[in-house]
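Only one structure is covered here, and it is reproduced in the block below.
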Amino acid sequence: MKAKLLIILIIMATHISQSCSRSADDIRKPAVAGQFYSASADTLANDVDGFLKSAGVSHADDVRAVIVPHAGYVFSGAMAAKAYMRINPAREYKRVFLLGPSHKAAFDGASVDNQFGAYATPLGNVEIDINVCNDLLCADSVFCCLPKAHDGEHCLEVQLPFLQRHMDKMPPIVPIIIGTQDLDKLQRVAKALQPYFTADNLFVISSDFSHYPRYDDAVEVDGITGQAIEKASLTEFVGAINDNASRNISNLYTSACGQSPIAVLLMMMSDGGGLTMEHLGYCNSGDSPYGDHDGVVGYHAFAVTGGKAEGGGAEKDAAFGLTADEMRTLLGIARRTIENTLNGNGGQPCDTTKLSETLKARCGAFVTLTSGGRLRGCIGNLVGYRPLYVTVEEMAKSAAFEDPRFYPVRKDELNDIKIEISVLSPLRRISSIDEFQLGRHGLYIVKGASSGTFLPQVADETDWTKEEFFGHCSRDKAGLGWDGWRDAELYVYEAEVFGEAGGE
């Protein structure tokens, strides 16, 4: 029989300060008021209202994301309005994630603006969700806060007046400027944002399209790019960008300046969920009385709608299967990592040539150590930011030598220690305790900067009801009190649990 253990998990979400130097009480002043849009509040309100009124698009209750242009309003305001009018203004989103490309700074990552408490426009201030910004900065090293990426940037700022005039209740924002085109880094950005990609939040993807070809070439190129996006396929989108570039069209600088934020959106949509990409309209700067046909910029409007009903409990978690050989490989990696560290050879690299693609996939994992049936260490990552074999290496070392509840493992006790590994499925947001299944699901509770989790097997080691499982996790792990989970964000995941022989 498997020894009953009350596994006490510590999520060491150490929020190392990655904030910018300014106070969060500061207000970001408008950078392009009077240039891209009017600096007069009355004129700006009239302009935006006019665009919205003329958009000719009906509302939908289930808009998850929009792709909108970010040029001067005289060129792209009418197209931006089509995207915003698809959103039901009565919807109360928790927050709006603003993703756009960097026009002011070159850097290889994603910059989250937590240096201000709000963004100002002539229509008033828009609050920033500092807690979410800080959580993202701690989630993955791909995120940073680079002030010069935000200070003069227009691509997010120009979205705010439309949101302020259109939404009945303006939510706080999470401003993100993406400076990398590396697909692996973009995948890390998408994975960190995935838990927020729910019906509770709105994602605004800021992008113009073809830059500076002649009018007819722009129509052709933008048509190819738009059709690829409408298929909601990252492969199709990347293929269209590359195909356009290979055609040597005169003065075509880019097919989409916001290709990186668009790629992140398509990556988040790839998990399925019944979402649909809707194309709402197209024009380019040559269609404006202020533009010409010699060198134009293209503008598309898209909306992502639909999605599986949340709260019904019918959504099935994606299974992550490991073969017996893969399990033995991971257990061997964990044990060798501990042995090598004890012998002073902690830096020895793993031979990746013999690893399967499954072991190189990005998955969360916990490593649990027991000795004589008693817990000796347990550390893990919920979200897979690194390849699985690397996560197991790091968590094995942390469980053995860095769990603050125990002294570091000694060489003379290693033979008595048994290793258990829990490989985790991606997090899935739930809206009701009814969607949680004892013994199958692990629970992750998040509220502001506080979080905590129980692995699925905790249910096998206690006699708790679902309510007690939630209460203990909320109080003992997240520090939110017994009923704190009721107004927190709730996520579930599954774990494939396996251990060394003799560990039961």
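For the structure tokens, the naming scheme is as follows: chains receive sequential letters (A, B, ...) according to their order of presentation, residues are indexed from 1 within each chain, and ligands are indexed from 1 in presentation order.
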Neighbour list for A:Ala33 as a list in words, cut-off 10 Å, only C-alpha atoms, skip fewer than 6 positions in-chain
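Close residues of A:Ala33: Ala39, Ser40, Leu44, Thr121, Pro122, His154, Glu157 and Val158 of chain A.
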Stretch 298-309 of chain A surroundings by only C-alpha atoms, 8 Å radius, close-in-sequence under 5 positions cut, as a PyMOL selection string
chain A and resi 60+62-69+76+79-80+82-83+86+199+207-211+218-219+222+226+273-285+315
May I have the residues within 7 Å of A:Leu427 as an MDAnalysis selection string, using only C-alpha atoms and disregarding those fewer than 6 positions away in the same chain?
chainID A and resid 195 491:493
Would you export the selected residues with C-alpha atoms as a PDB file, in the first residue's frame, please?
```
ATOM      1  CA  PRO A 195      -4.603  31.216 -17.936  1.00  0.00           C
ATOM      2  CA  TYR A 491      -7.690  26.696 -12.007  1.00  0.00           C
ATOM      3  CA  VAL A 492      -7.549  22.916 -12.279  1.00  0.00           C
ATOM      4  CA  TYR A 493      -4.980  20.571 -13.744  1.00  0.00           C
TER       5      TYR A 493
END
```
What's around A:Phe162 at 8 Å? Count only C-alpha atoms, leave out sequence neighbours fewer than 4 positions away in its own chain, and write the answer as JSON, numbers by chain.
{"A": [48, 81, 84, 158, 166]}
Can I get the selected residues back with N, CA and C atoms, as a short mmCIF file (atom, residue, chain, number, x, y, z; two decimals), in the first residue's frame?
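Writing done, so here's result29.cif:
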```cif
data_model
loop_
_atom_site.label_atom_id
_atom_site.label_comp_id
_atom_site.auth_asym_id
_atom_site.auth_seq_id
_atom_site.Cartn_x
_atom_site.Cartn_y
_atom_site.Cartn_z
N VAL A 48 -14.48 59.67 -31.99
CA VAL A 48 -14.62 58.24 -31.70
C VAL A 48 -16.07 57.81 -31.81
N ALA A 81 -12.95 50.97 -35.30
CA ALA A 81 -14.31 51.01 -34.76
C ALA A 81 -15.08 49.73 -35.07
N TYR A 84 -14.14 47.26 -32.34
CA TYR A 84 -14.69 47.59 -31.03
C TYR A 84 -16.21 47.47 -30.99
N VAL A 158 -3.39 54.42 -28.49
CA VAL A 158 -4.48 54.81 -29.38
C VAL A 158 -5.71 53.93 -29.24
N HIS A 166 -16.56 53.34 -25.69
CA HIS A 166 -17.44 52.25 -26.05
C HIS A 166 -17.92 51.43 -24.86
#
```
Nearest-residue call for A:Gly479, choices A:Lys397, A:Arg440, A:Lys447, A:Arg188, using only C-alpha atoms
A:Lys447
Have a look at A:Ala78, A:Ile430, A:Cys138, A:Ala365 and name the one nearest to A:Leu490; count only C-alpha atoms.
A:Ile430
Give the helix (DSSP H, G or I) residues of stretch 201-356 of chain A, as assigned by DSSP on the backbone, as a PyMOL selection string.
chain A and resi 215-230+234-246+259-269+285-287+324-342+352-354
Nearest to A:Val142, chosen from A:Asp168, A:Asp182, A:Glu92, A:Asp129, with only C-alpha atoms counted in the distances:
A:Asp182
